[in-house]
$ cat run06.txt   # compact mmCIF, C-alpha atoms
# COMPACT_ATOMS: atom_id res chain seq x y z
CA MET A 7 -81.13 32.40 111.53
CA GLU A 8 -79.55 29.04 112.33
CA ARG A 9 -81.03 26.13 110.42
CA ASN A 10 -80.57 22.69 108.96
CA ASP A 11 -79.66 23.14 105.29
CA GLY A 12 -81.67 20.16 104.09
CA ARG A 13 -78.78 17.86 103.24
CA THR A 14 -79.34 15.70 106.32
CA ALA A 15 -82.86 14.37 106.78
CA PRO A 16 -84.23 14.74 110.31
CA ARG A 17 -84.36 11.66 112.51
CA GLY A 18 -87.46 9.65 111.69
CA VAL A 19 -87.43 10.15 107.92
CA LEU A 20 -87.20 6.62 106.52
CA HIS A 21 -84.92 5.76 103.58
CA PRO A 22 -83.31 9.23 103.61
CA GLU A 23 -80.90 8.40 100.77
CA GLN A 24 -83.81 7.59 98.45
CA GLY A 25 -85.48 10.90 99.25
CA ALA A 26 -82.36 13.06 99.05
CA SER A 27 -82.69 13.67 95.30
CA ARG A 28 -86.40 14.40 95.56
CA PHE A 29 -86.91 16.71 98.51
CA THR A 30 -85.10 18.87 101.04
CA VAL A 31 -86.00 19.64 104.63
CA THR A 32 -85.04 23.00 106.09
CA THR A 33 -85.49 23.56 109.81
CA ALA A 34 -85.45 26.81 111.77
CA PRO A 35 -85.60 27.31 115.54
CA ALA A 36 -88.53 28.91 117.30
CA GLY A 37 -88.12 32.46 118.52
CA PRO A 38 -87.91 33.28 122.24
CA ALA A 39 -91.65 33.79 122.71
CA LEU A 40 -92.55 30.44 121.18
CA ALA A 41 -89.58 28.40 122.43
CA PRO A 42 -91.50 27.03 125.46
CA TYR A 43 -94.10 25.60 123.07
CA VAL A 44 -92.47 24.95 119.69
CA GLU A 45 -89.48 22.69 119.01
CA TYR A 46 -88.79 24.06 115.53
CA HIS A 47 -90.21 25.03 112.15
CA TRP A 48 -89.67 22.79 109.14
CA ILE A 49 -90.13 23.43 105.43
CA VAL A 50 -90.20 20.56 102.96
CA ARG A 51 -89.59 21.48 99.34
CA TRP A 52 -89.81 18.84 96.63
CA ASP A 53 -89.51 18.51 92.88
CA VAL A 54 -90.34 15.23 91.15
CA THR A 55 -91.55 16.90 87.96
CA GLY A 56 -91.43 14.39 85.12
CA GLN A 57 -90.88 11.51 87.54
CA ALA A 58 -93.19 9.02 89.18
CA PRO A 59 -94.76 10.23 92.44
CA TYR A 60 -92.59 9.50 95.47
CA ASP A 61 -93.95 8.20 98.77
CA SER A 62 -92.00 9.82 101.59
CA GLN A 63 -92.30 7.86 104.84
CA VAL A 64 -91.79 9.18 108.36
CA LEU A 65 -91.62 7.22 111.58
CA SER A 66 -93.33 9.93 113.58
CA HIS A 67 -92.24 11.45 116.88
CA PRO A 68 -94.52 12.21 119.87
CA ASN A 69 -95.20 15.74 118.58
CA VAL A 70 -98.23 17.57 117.27
CA HIS A 71 -97.69 19.54 114.04
CA LEU A 72 -99.39 22.54 112.45
CA VAL A 73 -98.79 22.28 108.70
CA PHE A 74 -99.45 24.93 106.07
CA GLU A 75 -100.25 23.06 102.86
CA PRO A 76 -101.43 24.19 99.40
CA ALA A 77 -104.90 22.75 100.07
CA GLY A 78 -105.12 24.46 103.47
CA PRO A 79 -103.60 24.31 106.95
CA LEU A 80 -103.94 21.12 108.99
CA VAL A 81 -103.22 19.96 112.53
CA TYR A 82 -101.63 16.52 112.76
CA GLY A 83 -101.96 14.70 116.06
CA VAL A 84 -99.31 12.19 117.06
CA ILE A 85 -99.29 9.42 114.42
CA ARG A 86 -98.62 6.03 115.97
CA GLY A 87 -97.77 4.27 112.71
CA VAL A 88 -95.66 5.32 109.74
CA TYR A 89 -96.90 8.51 108.10
CA THR A 90 -96.72 8.44 104.28
CA ARG A 91 -96.86 11.57 102.13
CA ARG A 92 -97.06 11.24 98.35
CA LEU A 93 -94.99 13.87 96.57
CA VAL A 94 -96.22 14.88 93.11
CA ASP A 95 -94.79 17.49 90.72
CA ALA A 96 -93.19 20.32 92.77
CA GLY A 97 -94.23 22.21 95.89
CA GLN A 98 -93.57 23.06 99.49
CA VAL A 99 -95.20 22.90 102.91
CA HIS A 100 -94.35 24.71 106.13
CA GLY A 101 -94.70 22.82 109.40
CA VAL A 102 -94.53 23.77 113.06
CA ARG A 103 -93.37 20.96 115.32
CA PHE A 104 -94.65 21.59 118.82
CA LEU A 105 -92.76 20.33 121.83
CA PRO A 106 -94.29 17.30 123.51
CA GLY A 107 -96.84 18.98 125.76
CA GLY A 108 -96.50 22.30 123.95
CA PHE A 109 -99.67 22.03 121.90
CA ARG A 110 -101.87 21.66 124.99
CA ALA A 111 -101.88 25.46 125.35
CA PHE A 112 -103.78 25.73 122.06
CA ALA A 113 -106.05 22.67 122.35
CA ASP A 114 -109.53 22.56 123.85
CA GLY A 115 -108.93 19.23 125.55
CA PRO A 116 -106.38 16.48 126.19
CA VAL A 117 -103.84 16.04 123.40
CA GLN A 118 -104.74 12.35 123.40
CA GLU A 119 -107.96 13.34 121.60
CA LEU A 120 -105.88 14.30 118.54
CA THR A 121 -103.87 11.07 118.33
CA ASP A 122 -103.90 9.52 114.82
CA ARG A 123 -106.13 12.37 113.62
CA VAL A 124 -105.64 15.08 111.01
CA LEU A 125 -108.05 18.00 111.23
CA PRO A 126 -108.46 21.43 109.65
CA ALA A 127 -106.34 23.92 111.56
CA GLY A 128 -109.27 26.34 111.63
CA ALA A 129 -111.00 24.03 114.10
CA VAL A 130 -108.23 24.86 116.60
CA PHE A 131 -106.95 28.30 115.61
CA GLY A 132 -110.02 29.87 113.99
CA PRO A 133 -110.46 31.19 110.43
CA GLY A 134 -107.39 33.42 110.66
CA VAL A 135 -105.12 30.42 110.09
CA ASP A 136 -106.84 29.73 106.74
CA GLU A 137 -106.25 33.30 105.64
CA LEU A 138 -102.61 33.07 106.71
CA CYS A 139 -101.86 29.86 104.80
CA PRO A 140 -101.43 31.24 101.24
CA ARG A 141 -99.33 34.10 102.57
CA VAL A 142 -96.99 31.68 104.31
CA LEU A 143 -96.54 29.48 101.25
CA ALA A 144 -95.94 32.53 99.06
CA GLY A 145 -93.29 33.86 101.45
CA ALA A 146 -89.99 34.96 99.97
CA GLY A 147 -87.76 32.42 101.69
CA THR A 148 -87.62 30.59 104.98
CA ASP A 149 -87.14 33.62 107.23
CA ALA A 150 -90.22 35.37 105.84
CA MET A 151 -92.34 32.25 106.21
CA VAL A 152 -91.20 31.68 109.79
CA ALA A 153 -91.86 35.31 110.73
CA LEU A 154 -95.45 35.12 109.52
CA VAL A 155 -96.17 31.92 111.44
CA GLU A 156 -94.41 33.11 114.59
CA GLY A 157 -96.42 36.33 114.62
CA PHE A 158 -99.67 34.42 114.26
CA LEU A 159 -98.91 31.95 117.06
CA ALA A 160 -97.36 34.53 119.40
CA ALA A 161 -100.60 36.51 119.37
CA ARG A 162 -102.42 33.42 120.68
CA LEU A 163 -100.08 32.39 123.48
CA PRO A 164 -101.33 31.98 127.05
CA ALA A 165 -100.03 34.19 129.85
CA GLY A 166 -97.19 31.78 130.62
CA PRO A 167 -95.99 28.18 130.16
CA ASP A 168 -97.91 25.41 131.91
CA PRO A 169 -95.55 23.68 134.41
CA GLN A 170 -97.00 20.30 133.49
CA ALA A 171 -96.34 20.93 129.80
CA VAL A 172 -92.76 21.85 130.67
CA GLN A 173 -92.45 18.63 132.67
CA ALA A 174 -93.91 16.56 129.82
CA ALA A 175 -91.33 17.95 127.39
CA ALA A 176 -88.50 17.23 129.84
CA VAL A 177 -89.64 13.65 130.39
CA VAL A 178 -89.96 12.90 126.68
CA ARG A 179 -86.55 14.44 125.99
CA GLU A 180 -84.96 12.20 128.61
CA MET A 181 -86.74 9.13 127.24
CA THR A 182 -85.50 9.76 123.72
CA VAL A 183 -81.84 10.37 124.56
CA ASP A 184 -81.23 7.88 127.38
CA HIS A 185 -81.48 4.36 125.98
CA THR A 186 -80.99 2.86 129.43
CA LEU A 187 -84.61 3.85 130.10
CA VAL A 188 -86.54 0.83 128.84
CA ARG A 189 -89.42 0.57 131.32
CA VAL A 190 -92.12 3.03 132.34
CA GLU A 191 -91.34 2.42 136.01
CA GLN A 192 -87.75 3.62 135.46
CA VAL A 193 -88.97 6.84 133.89
CA ALA A 194 -91.53 7.48 136.60
CA SER A 195 -88.93 6.93 139.31
CA ARG A 196 -86.44 9.31 137.70
CA PHE A 197 -89.01 12.11 137.76
CA ASP A 198 -90.46 11.25 141.18
CA LEU A 199 -93.81 10.27 139.70
CA SER A 200 -95.94 7.19 140.05
CA PRO A 201 -96.46 5.19 136.82
CA ARG A 202 -100.14 6.15 136.93
CA SER A 203 -99.35 9.87 137.29
CA LEU A 204 -96.94 9.60 134.35
CA GLN A 205 -99.62 7.95 132.23
CA ARG A 206 -102.11 10.70 133.07
CA LEU A 207 -99.55 13.38 132.22
CA PHE A 208 -98.91 11.81 128.82
CA ALA A 209 -102.60 11.38 128.00
CA GLU A 210 -103.26 15.05 128.75
CA TYR A 211 -100.14 16.62 127.26
CA VAL A 212 -98.31 14.24 124.91
CA GLY A 213 -101.02 12.17 123.23
CA VAL A 214 -99.55 8.69 123.53
CA SER A 215 -98.53 6.50 126.45
CA PRO A 216 -95.06 6.52 128.04
CA LYS A 217 -94.61 2.95 126.80
CA ALA A 218 -95.32 4.06 123.23
CA VAL A 219 -92.73 6.86 123.50
CA LEU A 220 -90.08 4.45 124.75
CA ARG A 221 -90.86 2.04 121.95
CA ARG A 222 -90.71 4.76 119.30
CA ALA A 223 -87.37 6.05 120.58
CA ARG A 224 -85.89 2.57 120.22
CA LEU A 225 -87.26 2.19 116.70
CA HIS A 226 -85.89 5.59 115.68
CA GLU A 227 -82.46 4.48 116.84
CA ALA A 228 -82.76 1.16 115.01
CA ALA A 229 -83.79 2.85 111.75
CA GLN A 230 -81.02 5.42 111.99
CA ARG A 231 -78.43 2.72 112.59
CA ALA A 232 -79.77 0.77 109.60
CA ASP A 233 -79.53 3.87 107.42
CA SER A 234 -75.92 4.46 108.46
CA GLY A 235 -74.56 1.11 107.27
CA SER A 236 -74.10 -2.48 108.41
CA VAL A 237 -75.60 -3.29 111.80
CA ASP A 238 -74.98 -6.00 114.35
CA TRP A 239 -78.66 -6.50 115.07
CA ALA A 240 -78.14 -8.76 118.07
CA ALA A 241 -75.85 -6.20 119.71
CA LEU A 242 -78.24 -3.36 118.87
CA ALA A 243 -81.17 -5.27 120.36
CA ALA A 244 -79.21 -5.65 123.59
CA ASP A 245 -78.19 -1.96 123.56
CA LEU A 246 -81.83 -0.89 123.19
CA GLY A 247 -83.12 -3.10 125.97
CA TYR A 248 -84.85 -5.76 123.88
CA SER A 249 -84.91 -9.28 125.26
CA ASP A 250 -83.31 -10.58 122.06
CA GLN A 251 -82.90 -9.87 118.34
CA ALA A 252 -86.20 -11.56 117.51
CA HIS A 253 -88.02 -9.11 119.77
CA LEU A 254 -86.44 -6.15 117.97
CA THR A 255 -87.30 -7.68 114.58
CA ARG A 256 -90.96 -8.21 115.54
CA ASP A 257 -91.28 -4.69 116.93
CA PHE A 258 -89.61 -3.04 113.91
CA THR A 259 -91.60 -5.09 111.39
CA ALA A 260 -94.93 -4.39 113.09
CA VAL A 261 -94.44 -0.61 112.80
CA VAL A 262 -92.25 -0.07 109.72
CA GLY A 263 -93.73 -2.88 107.64
CA VAL A 264 -90.53 -4.74 106.76
CA PRO A 265 -87.92 -6.50 108.92
CA PRO A 266 -84.87 -4.41 109.81
CA SER A 267 -82.57 -6.48 107.59
CA ARG A 268 -84.76 -5.74 104.55
CA TYR A 269 -85.14 -2.10 105.53
CA SER A 270 -81.36 -1.72 105.63
CA ARG A 271 -81.28 -2.90 101.99
CA GLY A 272 -83.67 -0.12 101.00
CA GLU A 273 -86.77 -2.33 100.71
CA ARG A 274 -90.23 -1.02 101.57
$ encode --input "run06.txt" --output "structure tokens"
Amino acid sequence: MERNDGRTAPRGVLHPEQGASRFTVTTAPAGPALAPYVEYHWIVRWDVTGQAPYDSQVLSHPNVHLVFEPAGPLVYGVIRGVYTRRLVDAGQVHGVRFLPGGFRAFADGPVQELTDRVLPAGAVFGPGVDELCPRVLAGAGTDAMVALVEGFLAARLPAGPDPQAVQAAAVVREMTVDHTLVRVEQVASRFDLSPRSLQRLFAEYVGVSPKAVLRRARLHEAAQRADSGSVDWAALAADLGYSDQAHLTRDFTAVVGVPPSRYSRGER
């Protein structure tokens, strides 16, 4: 099974060099049945035994996650700020990252209702998910863990993909890879939608507004550039569609908590 071997932190993990000696992230693709709904599986394994606890920070993506944790399985709605997870001793968690729009097939209502919320997975998937959790975390390796989770979710799939969910995933993918898209009106026009229709689609299927997705994509790019070395912030601001460097600095600081110049020096 193809996977990320954990040496390169996924996009959105802040200060990846600081975390590299403390945790690894392994990713595995979804199988054919789940591919219309799930982007990938991820397993975080950490060991800070004998060290101070480590706060891992993630600048979240517009995805809902099902996470199997030692204390029980949880559903994480889209987190609009920085998500911080304190790592203590040693352990692992197994996560399922749903495609934007993909979780709507399992939810009782609009995905927007889950935004900035963490709830017991049993509230969505029933008690079977609680019984599955210890088996997943005790699995003998990544493939075994993925197989258990895939079997559980595959048994709960609808008859077929929702065309609007498929459209939501396509729109978000375009917004995150094409940095020339800086305004909601541009996105709506590209997909032959009105801005209002696009907003309704995102409320129902994604969980955050189109404007929020555009903003997050720009901040992901800024953080990744900062992690890679020296940055010409004025040029980057122009590349990402900001009016000027000050606008980028304000936006980055408001979400990440420190200005980009301090972030690039490893400050928190």
$ atom_distance --input "run06.txt" --atom1 "CA of Val212 in chain A" --atom2 "CA of Gly83 in chain A"
9.6 Å
$ atom_distance --input "run06.txt" --atom1 "CA of Gly166 in chain A" --atom2 "CA of Pro42 in chain A"
9.0 Å
$ atom_distance --input "run06.txt" --atom1 "CA of Ser270 in chain A" --atom2 "CA of Tyr248 in chain A"
19.0 Å
$ residues_around --input "run06.txt" --residues "Gln98 in chain A" --least-positions-apart "6" --cutoff "7 Å" --atoms "all atoms listed in the file" --output "list in words"
Ile49, Val50, Arg51 and Trp52 of chain A
$ closest_residue --input "run06.txt" --among "A:Pro201, A:Pro79, A:Pro16, A:Gly101" --to "Thr148 in chain A" --atoms "only C-alpha atoms"
A:Gly101
$ residues_near_point --input "run06.txt" --point "(-96.9, 6.4, 95.1)" --cutoff "8 Å" --atoms "only C-alpha atoms" --output "PDB file with C-alpha atoms, in the coordinates of the input"
ATOM      1  CA  ALA A  58     -93.190   9.020  89.180  1.00  0.00           C
ATOM      2  CA  PRO A  59     -94.760  10.230  92.440  1.00  0.00           C
ATOM      3  CA  TYR A  60     -92.590   9.500  95.470  1.00  0.00           C
ATOM      4  CA  ASP A  61     -93.950   8.200  98.770  1.00  0.00           C
ATOM      5  CA  ARG A  92     -97.060  11.240  98.350  1.00  0.00           C
ATOM      6  CA  LEU A  93     -94.990  13.870  96.570  1.00  0.00           C
TER       7      LEU A  93
END
$ residues_around --input "run06.txt" --residues "Phe258 in chain A" --least-positions-apart "2" --cutoff "10 Å" --atoms "only C-alpha atoms" --output "list in words"
Arg221, Arg222, Arg224, Leu225, His226, Ala228, Ala229, Ala252, His253, Leu254, Thr255, Arg256, Ala260, Val261, Val262, Gly263, Val264, Pro265, Pro266 and Tyr269 of chain A
$ residues_around --input "run06.txt" --residues "Leu40 in chain A" --least-positions-apart "3" --cutoff "8 Å" --atoms "only C-alpha atoms" --output "list of chain:residue names"
A:Ala36, A:Gly37, A:Tyr43, A:Val44, A:Glu156, A:Leu159, A:Ala160
$ residues_near_point --input "run06.txt" --point "(-78.2, 5.6, 112.5)" --cutoff "12 Å" --atoms "only C-alpha atoms" --output "number ranges by chain"
A: 14-22, 224-237, 242, 270
$ write_last_selection --input "run06.txt" --atoms "C-alpha atoms" --output "tab-separated table (two decimals), keeping the file's coordinate frame"
chain	number	residue	atom	x	y	z
A	14	THR	CA	-79.34	15.70	106.32
A	15	ALA	CA	-82.86	14.37	106.78
A	16	PRO	CA	-84.23	14.74	110.31
A	17	ARG	CA	-84.36	11.66	112.51
A	18	GLY	CA	-87.46	9.65	111.69
A	19	VAL	CA	-87.43	10.15	107.92
A	20	LEU	CA	-87.20	6.62	106.52
A	21	HIS	CA	-84.92	5.76	103.58
A	22	PRO	CA	-83.31	9.23	103.61
A	224	ARG	CA	-85.89	2.57	120.22
A	225	LEU	CA	-87.26	2.19	116.70
A	226	HIS	CA	-85.89	5.59	115.68
A	227	GLU	CA	-82.46	4.48	116.84
A	228	ALA	CA	-82.76	1.16	115.01
A	229	ALA	CA	-83.79	2.85	111.75
A	230	GLN	CA	-81.02	5.42	111.99
A	231	ARG	CA	-78.43	2.72	112.59
A	232	ALA	CA	-79.77	0.77	109.60
A	233	ASP	CA	-79.53	3.87	107.42
A	234	SER	CA	-75.92	4.46	108.46
A	235	GLY	CA	-74.56	1.11	107.27
A	236	SER	CA	-74.10	-2.48	108.41
A	237	VAL	CA	-75.60	-3.29	111.80
A	242	LEU	CA	-78.24	-3.36	118.87
A	270	SER	CA	-81.36	-1.72	105.63
$ closest_residue --input "run06.txt" --among "A:Val183, A:Ala171, A:Ala129, A:Val152" --to "Ala111 in chain A" --atoms "all atoms listed in the file"
A:Ala171
